[in-house]
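Reproduced below: query26.csv, with CSV, C-alpha atoms.
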chain,number,residue,atom,x,y,z
A,1,MET,CA,-164.0,-72.7,-19.2
A,2,ALA,CA,-165.3,-76.2,-18.8
A,3,LYS,CA,-164.9,-78.5,-21.8
A,4,PRO,CA,-168.2,-79.9,-23.3
A,5,LYS,CA,-168.5,-83.6,-23.5
A,6,GLY,CA,-168.4,-85.3,-26.9
A,7,LEU,CA,-166.5,-82.4,-28.4
A,8,GLY,CA,-166.6,-82.3,-32.2
A,9,ARG,CA,-168.9,-85.3,-32.9
A,10,GLY,CA,-170.4,-83.3,-35.8
A,11,LEU,CA,-167.1,-82.6,-37.4
A,12,ASP,CA,-167.3,-85.8,-39.6
A,13,ALA,CA,-170.0,-84.0,-41.7
A,14,LEU,CA,-167.6,-81.2,-42.4
A,15,LEU,CA,-164.8,-83.5,-43.4
A,16,ALA,CA,-167.0,-86.0,-45.3
A,17,ASP,CA,-165.5,-85.1,-48.7
A,18,ASN,CA,-161.9,-85.2,-47.4
A,19,SER,CA,-160.7,-88.7,-47.0
A,20,GLN,CA,-157.9,-89.1,-44.4
A,21,GLU,CA,-156.4,-91.7,-46.8
A,22,THR,CA,-154.7,-88.6,-48.4
A,23,ASP,CA,-153.0,-87.7,-45.1
A,24,SER,CA,-149.2,-87.8,-45.0
A,25,LEU,CA,-146.9,-87.4,-42.1
A,26,GLN,CA,-143.9,-85.3,-43.0
A,27,ASN,CA,-141.0,-83.3,-41.4
A,28,LEU,CA,-141.6,-79.8,-42.8
A,29,ALA,CA,-139.2,-76.9,-42.7
A,30,ILE,CA,-140.3,-74.3,-40.1
A,31,ASN,CA,-140.0,-71.5,-42.5
A,32,LEU,CA,-142.5,-73.1,-45.0
A,33,LEU,CA,-145.3,-72.8,-42.4
A,34,GLN,CA,-147.6,-69.8,-41.8
A,35,SER,CA,-150.1,-69.0,-39.1
A,36,GLY,CA,-153.6,-70.1,-39.8
A,37,LYS,CA,-156.1,-67.5,-41.0
A,38,TYR,CA,-158.7,-69.2,-38.9
A,39,GLN,CA,-156.6,-69.3,-35.7
A,40,PRO,CA,-159.2,-68.4,-33.0
A,41,ARG,CA,-156.7,-67.5,-30.3
A,42,THR,CA,-156.2,-63.7,-30.2
A,43,LYS,CA,-153.2,-63.7,-27.7
A,44,MET,CA,-150.5,-66.2,-26.8
A,45,ASP,CA,-148.8,-66.0,-23.4
A,46,GLU,CA,-145.1,-65.5,-24.0
A,47,ALA,CA,-144.1,-67.2,-20.7
A,48,SER,CA,-146.1,-70.4,-21.5
A,49,LEU,CA,-144.5,-70.4,-25.0
A,50,GLN,CA,-141.1,-70.2,-23.5
A,51,ASP,CA,-141.9,-73.1,-21.1
A,52,LEU,CA,-143.2,-75.2,-24.1
A,53,ALA,CA,-140.0,-74.3,-26.0
A,54,GLU,CA,-137.9,-75.6,-23.1
A,55,SER,CA,-139.9,-78.8,-23.0
A,56,ILE,CA,-139.4,-79.3,-26.8
A,57,LYS,CA,-135.7,-78.8,-26.4
A,58,ALA,CA,-135.7,-81.6,-23.8
A,59,GLN,CA,-138.2,-84.1,-25.2
A,60,GLY,CA,-138.9,-83.0,-28.8
A,61,ILE,CA,-142.4,-82.6,-30.3
A,62,MET,CA,-144.6,-85.4,-29.1
A,63,GLN,CA,-147.5,-84.8,-31.3
A,64,PRO,CA,-147.4,-83.6,-35.0
A,65,ILE,CA,-149.2,-80.4,-36.0
A,66,LEU,CA,-151.9,-80.4,-38.6
A,67,VAL,CA,-151.4,-78.3,-41.8
A,68,ARG,CA,-153.0,-77.9,-45.2
A,69,PRO,CA,-151.0,-77.2,-48.4
A,70,LEU,CA,-151.1,-73.8,-50.1
A,71,VAL,CA,-150.7,-73.2,-53.8
A,72,VAL,CA,-147.3,-71.5,-53.4
A,73,GLY,CA,-145.7,-74.5,-51.9
A,74,ASN,CA,-146.1,-73.3,-48.3
A,75,TYR,CA,-148.4,-74.7,-45.6
A,76,GLU,CA,-151.0,-73.2,-43.4
A,77,ILE,CA,-151.3,-74.4,-39.8
A,78,ILE,CA,-154.7,-75.7,-38.9
A,79,ALA,CA,-153.9,-77.1,-35.4
A,80,GLY,CA,-150.8,-76.8,-33.3
A,81,GLU,CA,-149.7,-73.2,-33.7
A,82,ARG,CA,-148.4,-73.0,-30.2
A,83,ARG,CA,-146.1,-76.0,-30.9
A,84,TRP,CA,-144.9,-74.3,-34.1
A,85,ARG,CA,-144.1,-71.0,-32.4
A,86,ALA,CA,-142.4,-72.8,-29.5
A,87,ALA,CA,-140.4,-74.9,-31.9
A,88,LYS,CA,-139.1,-71.7,-33.6
A,89,ILE,CA,-138.1,-70.4,-30.1
A,90,ALA,CA,-136.4,-73.7,-29.4
A,91,GLY,CA,-134.3,-73.3,-32.6
A,92,LEU,CA,-135.8,-76.2,-34.5
A,93,GLU,CA,-135.5,-76.2,-38.3
A,94,GLN,CA,-138.1,-78.8,-39.0
A,95,ILE,CA,-141.4,-79.9,-37.3
A,96,PRO,CA,-143.4,-83.1,-37.8
A,97,ALA,CA,-146.7,-82.4,-39.5
A,98,ILE,CA,-149.8,-84.2,-40.8
A,99,VAL,CA,-150.5,-82.7,-44.3
A,100,ARG,CA,-154.2,-82.8,-45.2
A,101,ASP,CA,-156.4,-81.1,-47.8
A,102,ILE,CA,-159.0,-79.3,-45.7
A,103,PRO,CA,-161.8,-76.8,-46.7
A,104,ASP,CA,-162.2,-73.5,-45.0
A,105,GLU,CA,-165.2,-74.3,-42.8
A,106,SER,CA,-163.5,-77.5,-41.5
A,107,ALA,CA,-160.2,-75.5,-40.9
A,108,LEU,CA,-162.0,-73.1,-38.6
A,109,ALA,CA,-163.9,-75.8,-36.8
A,110,LEU,CA,-160.7,-77.9,-36.3
A,111,SER,CA,-158.8,-74.9,-35.0
A,112,LEU,CA,-161.6,-74.2,-32.6
A,113,ILE,CA,-161.9,-77.8,-31.5
A,114,GLU,CA,-158.2,-78.2,-30.9
A,115,ASN,CA,-158.0,-75.1,-28.7
A,116,ILE,CA,-161.2,-75.9,-26.8
A,117,GLN,CA,-160.0,-79.4,-26.1
A,118,ARG,CA,-156.8,-78.0,-24.6
A,119,GLU,CA,-158.8,-75.3,-22.7
A,120,ASP,CA,-156.6,-72.7,-24.3
A,121,LEU,CA,-159.4,-70.3,-25.4
A,122,ASN,CA,-161.3,-67.9,-23.3
A,123,PRO,CA,-165.1,-67.7,-23.8
A,124,LEU,CA,-164.9,-64.6,-26.0
A,125,GLU,CA,-162.5,-66.3,-28.4
A,126,VAL,CA,-164.8,-69.3,-28.6
A,127,ALA,CA,-167.8,-67.0,-29.2
A,128,ALA,CA,-165.9,-65.1,-31.9
A,129,GLY,CA,-165.0,-68.4,-33.6
A,130,ILE,CA,-168.6,-69.6,-33.5
A,131,GLN,CA,-169.7,-66.2,-34.9
A,132,ARG,CA,-167.3,-66.8,-37.8
A,133,LEU,CA,-168.8,-70.2,-38.5
A,134,ILE,CA,-172.2,-68.6,-38.7
A,135,GLU,CA,-171.2,-65.5,-40.7
A,136,GLU,CA,-168.7,-67.0,-43.1
A,137,PHE,CA,-170.1,-70.4,-43.7
A,138,GLY,CA,-173.9,-70.0,-43.1
A,139,MET,CA,-174.1,-72.3,-40.2
A,140,THR,CA,-177.0,-72.1,-37.7
A,141,HIS,CA,-176.7,-72.3,-33.9
A,142,LEU,CA,-177.6,-75.9,-34.2
A,143,THR,CA,-175.1,-77.0,-36.9
A,144,ALA,CA,-172.3,-75.0,-35.2
A,145,GLY,CA,-173.1,-76.7,-32.0
A,146,GLN,CA,-173.0,-80.1,-33.7
A,147,ALA,CA,-169.6,-79.4,-35.2
A,148,LEU,CA,-168.2,-78.3,-31.8
A,149,GLY,CA,-170.0,-80.6,-29.4
A,150,TYR,CA,-172.1,-77.8,-27.8
A,151,SER,CA,-175.8,-77.7,-27.2
A,152,ARG,CA,-177.8,-75.1,-29.1
A,153,SER,CA,-178.4,-73.2,-25.8
A,154,ALA,CA,-174.7,-73.2,-25.0
A,155,ILE,CA,-174.0,-71.7,-28.4
A,156,SER,CA,-176.6,-69.0,-27.8
A,157,ASN,CA,-175.2,-68.2,-24.3
A,158,LEU,CA,-171.7,-67.8,-25.7
A,159,LEU,CA,-172.8,-65.6,-28.6
A,160,ARG,CA,-174.7,-63.3,-26.1
A,161,LEU,CA,-171.3,-62.5,-24.5
A,162,LEU,CA,-170.5,-60.5,-27.7
A,163,ASN,CA,-173.3,-58.1,-26.7
A,164,LEU,CA,-171.4,-57.1,-23.6
A,165,ALA,CA,-169.7,-53.7,-23.4
A,166,ILE,CA,-166.2,-53.9,-24.9
A,167,PRO,CA,-164.4,-53.1,-21.6
A,168,VAL,CA,-166.3,-55.9,-20.0
A,169,GLN,CA,-165.4,-58.3,-22.8
A,170,GLU,CA,-161.7,-57.4,-22.3
A,171,LEU,CA,-162.0,-58.2,-18.6
A,172,ILE,CA,-163.3,-61.7,-19.5
A,173,MET,CA,-160.5,-62.2,-22.0
A,174,GLN,CA,-157.9,-61.1,-19.3
A,175,GLY,CA,-159.5,-63.7,-16.9
A,176,LYS,CA,-160.4,-61.0,-14.4
A,177,ILE,CA,-164.1,-62.0,-14.4
A,178,ASP,CA,-165.7,-65.2,-15.5
A,179,MET,CA,-168.2,-66.0,-18.3
A,180,GLY,CA,-170.9,-66.4,-15.5
A,181,HIS,CA,-170.2,-62.8,-14.4
A,182,GLY,CA,-170.6,-61.6,-18.0
A,183,ARG,CA,-173.9,-63.4,-18.4
A,184,ALA,CA,-175.2,-61.9,-15.2
A,185,LEU,CA,-174.3,-58.4,-16.5
A,186,LEU,CA,-176.1,-58.7,-19.8
A,187,PRO,CA,-179.4,-57.2,-18.7
A,188,LEU,CA,-177.7,-54.0,-17.6
A,189,ASP,CA,-177.0,-50.9,-19.8
A,190,VAL,CA,-173.4,-50.3,-20.9
A,191,GLU,CA,-172.4,-47.9,-18.1
A,192,LYS,CA,-173.8,-50.2,-15.3
A,193,GLN,CA,-172.1,-53.2,-16.9
A,194,ILE,CA,-168.7,-51.5,-16.7
A,195,SER,CA,-169.2,-50.2,-13.2
A,196,ILE,CA,-170.5,-53.5,-11.8
A,197,ALA,CA,-167.7,-55.4,-13.5
A,198,GLN,CA,-165.1,-53.2,-11.7
A,199,LEU,CA,-167.0,-53.8,-8.4
A,200,ILE,CA,-166.8,-57.6,-9.1
A,201,ILE,CA,-163.0,-57.3,-9.3
A,202,GLN,CA,-162.6,-55.0,-6.3
A,203,ARG,CA,-164.8,-57.1,-4.0
A,204,GLN,CA,-163.9,-60.5,-5.6
A,205,LEU,CA,-167.6,-61.3,-6.0
A,206,SER,CA,-168.7,-64.8,-7.0
A,207,VAL,CA,-171.2,-65.3,-9.9
A,208,ARG,CA,-174.0,-65.9,-7.4
A,209,GLU,CA,-173.1,-62.8,-5.4
A,210,THR,CA,-173.1,-60.8,-8.6
A,211,GLU,CA,-176.5,-62.1,-9.6
A,212,ASN,CA,-177.9,-61.2,-6.2
A,213,LEU,CA,-176.4,-57.7,-6.5
A,214,ILE,CA,-178.0,-57.1,-9.9
A,215,LYS,CA,-181.3,-58.3,-8.5
A,216,ARG,CA,-181.1,-55.7,-5.7
A,217,ILE,CA,-180.2,-53.0,-8.2
A,218,ASN,CA,-183.2,-53.8,-10.4
A,219,GLN,CA,-185.5,-53.9,-7.3
A,220,VAL,CA,-184.6,-50.4,-6.1
A,221,SER,CA,-184.8,-48.9,-9.6
A,222,PRO,CA,-188.4,-47.4,-10.0
A,223,THR,CA,-188.1,-47.2,-13.8
A,224,ARG,CA,-186.9,-50.7,-14.3
A,225,LYS,CA,-189.0,-53.6,-13.2
A,226,PRO,CA,-187.6,-57.0,-13.9
A,227,SER,CA,-190.0,-59.1,-15.9
A,228,SER,CA,-189.9,-62.7,-17.0
A,229,PRO,CA,-188.9,-63.0,-20.7
A,230,ASP,CA,-191.5,-64.5,-23.0
A,231,ARG,CA,-190.4,-68.0,-24.0
A,232,ASP,CA,-192.0,-67.7,-27.5
A,233,LEU,CA,-190.2,-64.3,-28.0
A,234,LEU,CA,-186.9,-65.8,-27.0
A,235,ARG,CA,-187.4,-68.8,-29.3
A,236,LEU,CA,-188.3,-66.4,-32.2
A,237,GLN,CA,-185.2,-64.3,-31.3
A,238,GLU,CA,-182.9,-67.3,-31.6
A,239,ASP,CA,-184.5,-68.4,-34.8
A,240,ILE,CA,-184.0,-65.0,-36.5
A,241,SER,CA,-180.4,-64.9,-35.1
A,242,ALA,CA,-179.7,-68.3,-36.7
A,243,ARG,CA,-181.3,-67.3,-40.1
A,244,LEU,CA,-179.3,-64.1,-40.3
A,245,GLY,CA,-176.1,-65.3,-38.7
A,246,ALA,CA,-176.1,-62.4,-36.3
A,247,ASN,CA,-177.3,-61.7,-32.7
A,248,VAL,CA,-180.8,-60.3,-32.8
A,249,THR,CA,-182.6,-58.8,-29.8
A,250,ILE,CA,-186.4,-58.3,-29.8
A,251,LYS,CA,-187.7,-55.7,-27.4
A,252,GLN,CA,-191.4,-55.8,-26.8
A,253,GLY,CA,-193.1,-52.7,-25.6
A,254,LYS,CA,-196.7,-52.0,-24.5
A,255,LYS,CA,-199.7,-52.7,-26.7
A,256,GLY,CA,-197.9,-55.2,-28.8
A,257,ALA,CA,-195.4,-52.7,-30.3
A,258,GLY,CA,-191.7,-53.2,-30.1
A,259,ASN,CA,-188.3,-53.2,-31.8
A,260,VAL,CA,-186.1,-55.7,-33.5
A,261,VAL,CA,-182.4,-54.9,-33.1
A,262,ILE,CA,-179.8,-56.6,-35.3
A,263,HIS,CA,-176.2,-56.6,-33.8
A,264,TYR,CA,-173.3,-56.7,-36.3
A,265,THR,CA,-169.5,-56.4,-35.7
A,266,SER,CA,-168.3,-55.3,-39.1
A,267,LEU,CA,-169.5,-53.8,-42.4
A,268,GLU,CA,-168.8,-57.2,-44.1
A,269,GLN,CA,-171.2,-58.9,-41.7
A,270,LEU,CA,-173.8,-56.1,-42.3
A,271,ASP,CA,-173.6,-56.7,-46.0
A,272,GLY,CA,-174.2,-60.4,-45.5
A,273,ILE,CA,-177.2,-59.7,-43.2
A,274,LEU,CA,-178.7,-57.3,-45.8
A,275,ALA,CA,-178.3,-60.0,-48.5
A,276,LYS,CA,-180.4,-62.4,-46.5
A,277,LEU,CA,-183.2,-59.9,-45.8
Show me this structure written as structure tokens.
Amino acid sequence: MAKPKGLGRGLDALLADNSQETDSLQNLAINLLQSGKYQPRTKMDEASLQDLAESIKAQGIMQPILVRPLVVGNYEIIAGERRWRAAKIAGLEQIPAIVRDIPDESALALSLIENIQREDLNPLEVAAGIQRLIEEFGMTHLTAGQALGYSRSAISNLLRLLNLAIPVQELIMQGKIDMGHGRALLPLDVEKQISIAQLIIQRQLSVRETENLIKRINQVSPTRKPSSPDRDLLRLQEDISARLGANVTIKQGKKGAGNVVIHYTSLEQLDGILAKL
């Protein structure tokens, strides 16, 4: 996934109350560190961790990790979890770390930014992280974009990927199809999304070829006529999504009637949505 320019320019606002004058560089015992609860990466490749461990054995750790102190005397990793895991594999007992007091929303944003800058996250992991910023910290599409260096439309496009069928999301996470393929599949129902995704893999279709295929499918379907989305409706849909912190779909029928569909991924998110209604 391409890196956006100016990544993280809005993060200063999140860290405004946390002066870096309190930072301290320390060598911390490996066993005092724990994985960050806001780590956006869902999987770590064992082979790449082993390669990093060999590099650490040969050259040491070139860049300190970022941690925040916990009340029990341990530390939570904010950025650099791969280096920490690889250091353990390499047999290190200590690791250089910058210790900083960081609030939760900044911790999540920093973890996202570090991984995006290194191009280590797939689009679904980025989308899930953005969703957490919206759900847990009340950010809008705009403020989340400012924190991460994305445009509002880029944030919306990433979040829409969470509406794909789960098997299709897994294919994106595995790198078998691209984000562009996923966006092209969004207008289809769940069954067609899954079947076309398998076809993309079998035929090694490009994003453009996939878009053309879906256009042909829509053209031959007598019950589904592709129509241009109403811009005002899309704008309203994005505004409601931002207010509720959840993906919202507005389906307009004939004679002005329609449905508003609110998508949620957990009961906790649903509780938060209901509290805002």
Just the number, please: distance in Å from CA of Val248 (chain A) to CA of Ile200 (chain A), one decimal.
27.7 Å
Who sits within 10 Å of region 262-277 of chain A, all atoms listed in the file, same chain under 4 positions skipped, as a list of chain:residue names
A:Gln131, A:Arg132, A:Glu135, A:Glu136, A:Gly138, A:Leu162, A:Asn163, A:Ile240, A:Ser241, A:Arg243, A:Leu244, A:Gly245, A:Ala246, A:Asn247, A:Val248, A:Thr249, A:Ile250
Write out as a ChimeraX atom specification the residues lying within 12 Å of region 209-218 of chain A, counting only C-alpha atoms and excluding same-chain residues fewer than 5 positions away.
/A:177-178,180-189,192-193,195-201,203-204,223-227
At a cut-off of 12 Å from (-178.2, -73.1, -26.2) in the coordinates of the file, what residues are picked up using only C-alpha atoms, written as a PDB file with C-alpha atoms, in the coordinates of the input?
ATOM      1  CA  THR A 140    -177.000 -72.100 -37.700  1.00  0.00           C
ATOM      2  CA  HIS A 141    -176.700 -72.300 -33.900  1.00  0.00           C
ATOM      3  CA  LEU A 142    -177.600 -75.900 -34.200  1.00  0.00           C
ATOM      4  CA  THR A 143    -175.100 -77.000 -36.900  1.00  0.00           C
ATOM      5  CA  ALA A 144    -172.300 -75.000 -35.200  1.00  0.00           C
ATOM      6  CA  GLY A 145    -173.100 -76.700 -32.000  1.00  0.00           C
ATOM      7  CA  GLN A 146    -173.000 -80.100 -33.700  1.00  0.00           C
ATOM      8  CA  GLY A 149    -170.000 -80.600 -29.400  1.00  0.00           C
ATOM      9  CA  TYR A 150    -172.100 -77.800 -27.800  1.00  0.00           C
ATOM     10  CA  SER A 151    -175.800 -77.700 -27.200  1.00  0.00           C
ATOM     11  CA  ARG A 152    -177.800 -75.100 -29.100  1.00  0.00           C
ATOM     12  CA  SER A 153    -178.400 -73.200 -25.800  1.00  0.00           C
ATOM     13  CA  ALA A 154    -174.700 -73.200 -25.000  1.00  0.00           C
ATOM     14  CA  ILE A 155    -174.000 -71.700 -28.400  1.00  0.00           C
ATOM     15  CA  SER A 156    -176.600 -69.000 -27.800  1.00  0.00           C
ATOM     16  CA  ASN A 157    -175.200 -68.200 -24.300  1.00  0.00           C
ATOM     17  CA  LEU A 158    -171.700 -67.800 -25.700  1.00  0.00           C
ATOM     18  CA  LEU A 159    -172.800 -65.600 -28.600  1.00  0.00           C
ATOM     19  CA  ARG A 160    -174.700 -63.300 -26.100  1.00  0.00           C
ATOM     20  CA  LEU A 234    -186.900 -65.800 -27.000  1.00  0.00           C
ATOM     21  CA  ARG A 235    -187.400 -68.800 -29.300  1.00  0.00           C
ATOM     22  CA  GLU A 238    -182.900 -67.300 -31.600  1.00  0.00           C
ATOM     23  CA  ASP A 239    -184.500 -68.400 -34.800  1.00  0.00           C
ATOM     24  CA  ALA A 242    -179.700 -68.300 -36.700  1.00  0.00           C
TER      25      ALA A 242
END
Mind giving me the straight-line distance from CA of Gly73 (chain A) to CA of Ala107 (chain A) in Å, one decimal?
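So the two atoms, CA of Gly73 (chain A) and CA of Ala107 (chain A), lie 18.2 Å apart.
Taking all atoms listed in the file into account, Asp104 (chain A) lies nearest to A:Gln39 out of the set A:Ser48, A:Gln39, A:Gln63, A:Gln34.
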Hey, can you check how far CA of Leu124 (chain A) sits from CA of Ser106 (chain A)?
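Atom-to-atom, CA of Leu124 (chain A) and CA of Ser106 (chain A) are spaced 20.2 Å apart.
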Just want the 12 Å neighbourhood of region 58-60 of chain A, counted on all atoms listed in the file, with same-chain residues fewer than 3 positions away dropped. Output as an MDAnalysis selection string.
chainID A and resid 51:55 63:64 83:84 86:87 90:92 94:96
A:Gln219, A:Asn122, A:Asn31, A:Gln26 ranked by distance to Gln169 (chain A), top pick (using only C-alpha atoms)
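Checking each candidate against Gln169 (chain A), we get A:Asn122 as the closest.
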Could you get me a file of region 118-195 of chain A with C-alpha atoms, as a compact mmCIF listing (two decimals), in the first residue's frame, taken from the block above?
# COMPACT_ATOMS: atom_id res chain seq x y z
CA ARG A 118 7.38 1.16 7.31
CA GLU A 119 4.66 -0.15 4.95
CA ASP A 120 4.18 -3.08 7.31
CA LEU A 121 0.38 -2.93 7.55
CA ASN A 122 -2.09 -4.21 4.99
CA PRO A 123 -5.08 -1.96 4.11
CA LEU A 124 -7.47 -3.91 6.37
CA GLU A 125 -5.18 -3.44 9.38
CA VAL A 126 -4.98 0.29 8.65
CA ALA A 127 -8.78 0.45 8.29
CA ALA A 128 -9.30 -1.40 11.57
CA GLY A 129 -6.90 0.98 13.32
CA ILE A 130 -8.73 4.01 11.93
CA GLN A 131 -12.03 2.49 13.04
CA ARG A 132 -10.62 2.23 16.57
CA LEU A 133 -9.62 5.91 16.51
CA ILE A 134 -13.21 6.75 15.55
CA GLU A 135 -14.96 4.36 17.92
CA GLU A 136 -12.78 4.61 21.02
CA PHE A 137 -11.70 8.24 20.89
CA GLY A 138 -14.58 9.94 19.08
CA MET A 139 -12.51 11.06 16.11
CA THR A 140 -14.19 11.98 12.84
CA HIS A 141 -12.96 10.96 9.39
CA LEU A 142 -11.37 14.41 9.16
CA THR A 143 -9.50 14.38 12.49
CA ALA A 144 -8.34 10.77 12.00
CA GLY A 145 -7.05 11.76 8.58
CA GLN A 146 -5.21 14.76 10.03
CA ALA A 147 -3.54 12.57 12.65
CA LEU A 148 -2.40 9.99 10.08
CA GLY A 149 -1.72 12.24 7.09
CA TYR A 150 -4.60 10.90 4.97
CA SER A 151 -7.26 12.88 3.14
CA ARG A 152 -10.84 12.50 4.31
CA SER A 153 -11.71 10.60 1.12
CA ALA A 154 -8.78 8.20 1.66
CA ILE A 155 -10.06 7.50 5.19
CA SER A 156 -13.56 6.82 3.83
CA ASN A 157 -12.20 4.50 1.12
CA LEU A 158 -10.20 2.49 3.66
CA LEU A 159 -13.17 2.17 6.04
CA ARG A 160 -15.39 0.92 3.21
CA LEU A 161 -13.13 -2.13 2.94
CA LEU A 162 -14.53 -3.27 6.29
CA ASN A 163 -17.89 -3.74 4.52
CA LEU A 164 -16.44 -6.45 2.26
CA ALA A 165 -17.32 -10.09 2.85
CA ILE A 166 -15.01 -11.58 5.49
CA PRO A 167 -13.45 -14.13 3.07
CA VAL A 168 -12.60 -11.24 0.71
CA GLN A 169 -11.08 -9.25 3.58
CA GLU A 170 -8.90 -12.27 4.40
CA LEU A 171 -7.66 -12.42 0.80
CA ILE A 172 -6.60 -8.76 1.03
CA MET A 173 -4.84 -9.42 4.34
CA GLN A 174 -3.01 -12.38 2.78
CA GLY A 175 -1.91 -10.18 -0.14
CA LYS A 176 -3.73 -12.35 -2.69
CA ILE A 177 -5.77 -9.41 -3.99
CA ASP A 178 -5.17 -5.67 -3.70
CA MET A 179 -7.11 -2.88 -2.05
CA GLY A 180 -8.16 -1.72 -5.53
CA HIS A 181 -9.70 -5.13 -6.21
CA GLY A 182 -11.60 -4.87 -2.93
CA ARG A 183 -12.99 -1.43 -3.76
CA ALA A 184 -14.15 -2.72 -7.14
CA LEU A 185 -16.01 -5.60 -5.43
CA LEU A 186 -17.91 -3.40 -2.95
CA PRO A 187 -21.07 -2.86 -5.08
CA LEU A 188 -21.62 -6.64 -5.37
CA ASP A 189 -23.54 -8.84 -2.96
CA VAL A 190 -21.59 -11.15 -0.64
CA GLU A 191 -21.78 -14.28 -2.83
CA LYS A 192 -20.61 -12.43 -5.95
CA GLN A 193 -17.82 -10.71 -4.02
CA ILE A 194 -16.44 -14.09 -2.97
CA SER A 195 -16.80 -15.74 -6.39
